[in-house]
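Remarks on the structure that follows.
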Amino acid sequence: MTTPEARWERRLESLWASLDDHGPDDFLRRIEALAAELPPGDAVALYELASAHDALDREEEAAALYRRALAAGLPGGRRRRAVIQLASTLRNLGRAEESITLLTAERGMCSDELDDAVAAFLSLALADAGREREAAALALTALVPHLPEYRRSLTHYARALTTGDGA
């Protein structure tokens, strides 16, 4: 038997999959309608509204909604996605240092399939903050486990970017 929550999630997933088929106002209206089916102040509803604003380049609105979703106790993987997305939005708003703070803290929180996304967005924020060598080192370090060869040498080179040891 399918639960109402599962049906809601499927409808949400279908709407996101059709994002490009809707104009911005229509898409936002549809997300708002889905969010309105959840209780007022629901963390998941706030997160989905934030994500919609973010996808439509409405970063200021998105940032406020992400913060509200996190404060409301956003559960599980959505919490980590909200941190990543909020940090990316803050970087886009010119607040790279705040993005770095969020993502650095997130790296110490847990480890899951989003670790590389955290590293990637942290790399972007570091580059925006003028810390390009640290950004490159972090990106290379995140890439190393995915390489079939050269892991040892790239690990050494990544470390050398931030320590000044010969590369």
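Identifiers in the structure tokens: chain A, B, ... in order shown; residue index from 1 per chain; ligand index from 1 in order shown.
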Near Val83 of chain A, within 8 Å and counting only C-alpha atoms, which residues show up once chain neighbours fewer than 5 positions away are dropped, as number ranges by chain? A: 66, 70, 102-103, 106
Need to verify the contact set: segment 11-15 of chain A, 9 Å, only C-alpha atoms, exclusion of same-chain residues closer than 3 positions in sequence. Can you return it as a list in words? Ala6, Arg7, Trp8, Ser18, Leu19, Phe27, Arg30, Ile31, Leu34 and Glu48 of chain A
Using DSSP on the backbone, list every residue of chain A that comes out as alpha helix (DSSP H), and give them as a PyMOL selection string. chain A and resi 4-17+24-35+43-55+59-71+76-92+96-107+115-128+132-143+151-163
Might you pull out every residue within 12 Å of Ala64 of chain A, with only C-alpha atoms counted and same-chain residues fewer than 2 positions away left off, and present them as a list in words?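 Using only C-alpha atoms, the neighbours found are Leu46, Tyr47, Leu49, Ala50, Ser51, His53, Asp54, Arg58, Glu59, Glu60, Glu61, Ala62, Tyr66, Arg67, Arg68, Ala69, Leu70, Ala71, Ala82, Gln85, Leu86, Ala87, Thr89 and Leu90 of chain A.
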Hey, which of A:Gly41, A:Asp116, A:Gly130, A:His156 ends up closest to Ala72 of chain A? Count only C-alpha atoms.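 Ranked by minimum distance to Ala72 of chain A, first place goes to A:Gly41.
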What does the structure give for the distance between atom CA of Ala45 of chain A and atom CA of Asp26 of chain A, in Å to one decimal?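 So the answer is 17.2 Å.
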Computed interatomic separation between atom CA of Gly76 of chain A and atom CA of Val144 of chain A (Å): 26.9 Å
Write out as a PyMOL selection string which residues come within 10 Å of Ala139 of chain A when counting only C-alpha atoms, dropping same-chain ones fewer than 2 positions away. chain A and resi 116+119-124+133-137+141-144+158
